[in-house]
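Participant: Sharing a structure, written as structure tokens. Questions coming.
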2 protein chains.
Amino acid sequence: MHEGIIENLRRHIEPTEEELEVFSSLAFPRTVRRKESLLKEGDVARHQFFVVEGCLRTYTIDQAGKEHVLMFAPEDWWCSGDLFSYFSGQKSVNNLEALEATSLLQISKENLDILYLRAPKFERFFRILFQNAFVFHQNRINANLSQPAEGRYDLFTRSYPGLESRIPQKYIASYIGVTPEFFSQMKANMSRKKP
Amino acid sequence: MHEGIIENLRRHIEPTEEELEVFSSLAFPRTVRRKESLLKEGDVARHQFFVVEGCLRTYTIDQAGKEHVLMFAPEDWWCSGDLFSYFSGQKSVNNLEALEATSLLQISKENLDILYLRAPKFERFFRILFQNAFVFHQNRINANLSQPAEGRYDLFTRSYPGLESRIPQKYIASYIGVTPEFFSQMKANMSRKKP
DNA sequence: CGTCTATTTGAATGTACTCAAAAGCGGTGG
DNA sequence: CCACCGCTTTTGAGTACATTCAAATAGACG
């Protein structure tokens, strides 16, 4: 099993060798190409993913056909695309796609349930994971409510260090909630102020 | 112990009588008056709350001194005010206050840790709780990105049925991210369209 | 190297904001 | 129980920030 995931697990729990083996018998490696889709709106999210290398994006498409980026998942992030769909079996409202060639681990809901039974410590792990995700998203809502576009871009760079130079900036514009055109102007203004 | 919390716990786990007793020996009832504060920015969030009756609001104050409502917590909701502060012991960036006379149960971080040890089933309970909170907040981010103010108001009414007629509407305006003045106009427009 | 996609630039438009003031409503005390 | 005071909501005028649409330029991938 890849080193990254072990380190990631150890951040919140102390799994035994045996528990790690249970995990690795239930979570499978997978690679996807750039632009390849992992989940489409209307399908059921069957997997939760851990990104070993590369980057994913979760997005929705509104009535007008415009895309909106909900989150990115670069290395060391967990991502399900649509957690509600994953746990409920309902249709997904989100899409999930690779922005770069990406290698990941995937675990199905069935296997996650088995994991919880055989290694209850993982219940704690995902509790903490979702706890952190909750805090992360509340921070973002706070920025959306209280900050103009520049402040929201700032939160993006702090949330995903280095990512701004890896991915097309139209996705960043979408994440912070402005048009690509406006984002372009904003960046020009920012570098004029403090270069 | 109040019926509401037992029902709430049973929604996700099946606690034994013994486990319920452990819980009720660690979570204490409390009442607060309208406008009373439960957490102030800069303090450490020492408790997590379950609302038995009444309603709380979590909010931040920006550089310009304006308040922004992050969430409401009417009956049957859990709320910590600032979860990051609660778990890390860092200073809170949020405020928490009662919008109505409210009765609640509070559990400290110390007691929650004891609860996890003595009744590990609660690890699962809070895992599911945060999972749902994560989905809830991601929905809201999606609405913020893809919906105009009317659509965000619609999500609010679906998230908190009946609450719109219980609390001052300036808080609703703040929650959906518009000024009270604009919200007032918007409501007038909406009832003109489909009364 | 060519083609397709992303970014920049500009002009016209609109949505939501600020500031100011009047009207309405509700809680509290006399 | 009523009247008053303060907070909340409404209304309106002028403004700003971000959008749409269009077109030119730059850049990246196969």
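Ordered as shown in the structure tokens, chains take letters A, B, and onward, while each chain numbers its residues from 1 and ligands are numbered from 1 in the order shown.
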Show me a table, sorted first by chain and then by increasing residue number, of the residues of chain A having an atom at most 9 Å from chain B, each with its shortest atom pair and the distance in Å to one decimal, counting only C-alpha atoms and written as JSON lines.

Facilitator:
{"residue": "A:Tyr59", "atom": "CA", "partner": "B:Asn142", "partner_atom": "CA", "distance": 8.7}
{"residue": "A:Thr60", "atom": "CA", "partner": "B:Asn142", "partner_atom": "CA", "distance": 7.6}
{"residue": "A:Ile61", "atom": "CA", "partner": "B:Ser146", "partner_atom": "CA", "distance": 8.2}
{"residue": "A:Asp62", "atom": "CA", "partner": "B:Ser146", "partner_atom": "CA", "distance": 6.2}
{"residue": "A:Gln63", "atom": "CA", "partner": "B:Ser146", "partner_atom": "CA", "distance": 8.8}
{"residue": "A:Lys66", "atom": "CA", "partner": "B:Ser146", "partner_atom": "CA", "distance": 8.2}
{"residue": "A:Glu67", "atom": "CA", "partner": "B:Ser146", "partner_atom": "CA", "distance": 8.3}
{"residue": "A:His68", "atom": "CA", "partner": "B:Leu145", "partner_atom": "CA", "distance": 6.5}
{"residue": "A:Val69", "atom": "CA", "partner": "B:Asn142", "partner_atom": "CA", "distance": 8.3}
{"residue": "A:Leu70", "atom": "CA", "partner": "B:Asn142", "partner_atom": "CA", "distance": 6.5}
{"residue": "A:Asp82", "atom": "CA", "partner": "B:Val135", "partner_atom": "CA", "distance": 8.3}
{"residue": "A:Leu83", "atom": "CA", "partner": "B:Val135", "partner_atom": "CA", "distance": 6.7}
{"residue": "A:Phe84", "atom": "CA", "partner": "B:Val135", "partner_atom": "CA", "distance": 6.3}
{"residue": "A:Pro120", "atom": "CA", "partner": "B:Pro120", "partner_atom": "CA", "distance": 9.0}
{"residue": "A:Glu123", "atom": "CA", "partner": "B:Arg124", "partner_atom": "CA", "distance": 5.9}
{"residue": "A:Arg124", "atom": "CA", "partner": "B:Glu123", "partner_atom": "CA", "distance": 5.9}
{"residue": "A:Phe125", "atom": "CA", "partner": "B:Arg127", "partner_atom": "CA", "distance": 8.8}
{"residue": "A:Phe126", "atom": "CA", "partner": "B:Arg127", "partner_atom": "CA", "distance": 6.4}
{"residue": "A:Arg127", "atom": "CA", "partner": "B:Arg127", "partner_atom": "CA", "distance": 3.9}
{"residue": "A:Ile128", "atom": "CA", "partner": "B:Arg127", "partner_atom": "CA", "distance": 7.4}
{"residue": "A:Leu129", "atom": "CA", "partner": "B:Arg127", "partner_atom": "CA", "distance": 8.6}
{"residue": "A:Phe130", "atom": "CA", "partner": "B:Phe130", "partner_atom": "CA", "distance": 5.5}
{"residue": "A:Gln131", "atom": "CA", "partner": "B:Phe130", "partner_atom": "CA", "distance": 5.5}
{"residue": "A:Asn132", "atom": "CA", "partner": "B:Phe84", "partner_atom": "CA", "distance": 7.9}
{"residue": "A:Ala133", "atom": "CA", "partner": "B:Phe134", "partner_atom": "CA", "distance": 6.3}
{"residue": "A:Phe134", "atom": "CA", "partner": "B:Phe134", "partner_atom": "CA", "distance": 4.8}
{"residue": "A:Val135", "atom": "CA", "partner": "B:Phe84", "partner_atom": "CA", "distance": 6.3}
{"residue": "A:His137", "atom": "CA", "partner": "B:His137", "partner_atom": "CA", "distance": 6.3}
{"residue": "A:Gln138", "atom": "CA", "partner": "B:His137", "partner_atom": "CA", "distance": 6.9}
{"residue": "A:Arg140", "atom": "CA", "partner": "B:Ile141", "partner_atom": "CA", "distance": 8.0}
{"residue": "A:Ile141", "atom": "CA", "partner": "B:Ile141", "partner_atom": "CA", "distance": 6.5}
{"residue": "A:Asn142", "atom": "CA", "partner": "B:Leu70", "partner_atom": "CA", "distance": 6.6}
{"residue": "A:Asn144", "atom": "CA", "partner": "B:Asn144", "partner_atom": "CA", "distance": 7.8}
{"residue": "A:Leu145", "atom": "CA", "partner": "B:Gly177", "partner_atom": "CA", "distance": 5.5}
{"residue": "A:Ser146", "atom": "CA", "partner": "B:Asp62", "partner_atom": "CA", "distance": 6.2}
{"residue": "A:Gln147", "atom": "CA", "partner": "B:Asp62", "partner_atom": "CA", "distance": 8.2}
{"residue": "A:Ser174", "atom": "CA", "partner": "B:Leu145", "partner_atom": "CA", "distance": 8.0}
{"residue": "A:Tyr175", "atom": "CA", "partner": "B:Leu145", "partner_atom": "CA", "distance": 8.0}
{"residue": "A:Ile176", "atom": "CA", "partner": "B:Leu145", "partner_atom": "CA", "distance": 8.1}
{"residue": "A:Gly177", "atom": "CA", "partner": "B:Leu145", "partner_atom": "CA", "distance": 5.5}
{"residue": "A:Val178", "atom": "CA", "partner": "B:Leu145", "partner_atom": "CA", "distance": 8.5}

Participant: Determine, counting only C-alpha atoms (C1' of nucleotides), which protein, DNA and RNA residues have an atom within 12 Å of an atom of region 102-114 of chain A; residues of the same chain fewer than 6 positions away are not included. Present the result as a VMD selection string.

Facilitator: (chain A and resid 1 to 2 4 to 6 22 to 38 44 to 57 73 to 81 83 to 89 120 122 to 123 125 to 126) or (chain B and resid 124)

Participant: Can you work out which residues from chain D touch chain B at a cut-off of 10 Å (counting only C-alpha atoms (C1' of nucleotides)) and hand them back as a list of chain:residue names?

Facilitator: D:DT8, D:DT9, D:DT10, D:DT11

Participant: Quick one, how far is C1' of DA13 (chain D) from C1' of DA20 (chain C)?

Facilitator: 9.5 Å

Participant: Please report as a count of residues only which residues of chain C come no farther than 12 Å from chain B, using only C-alpha atoms (C1' of nucleotides).

Facilitator: 7
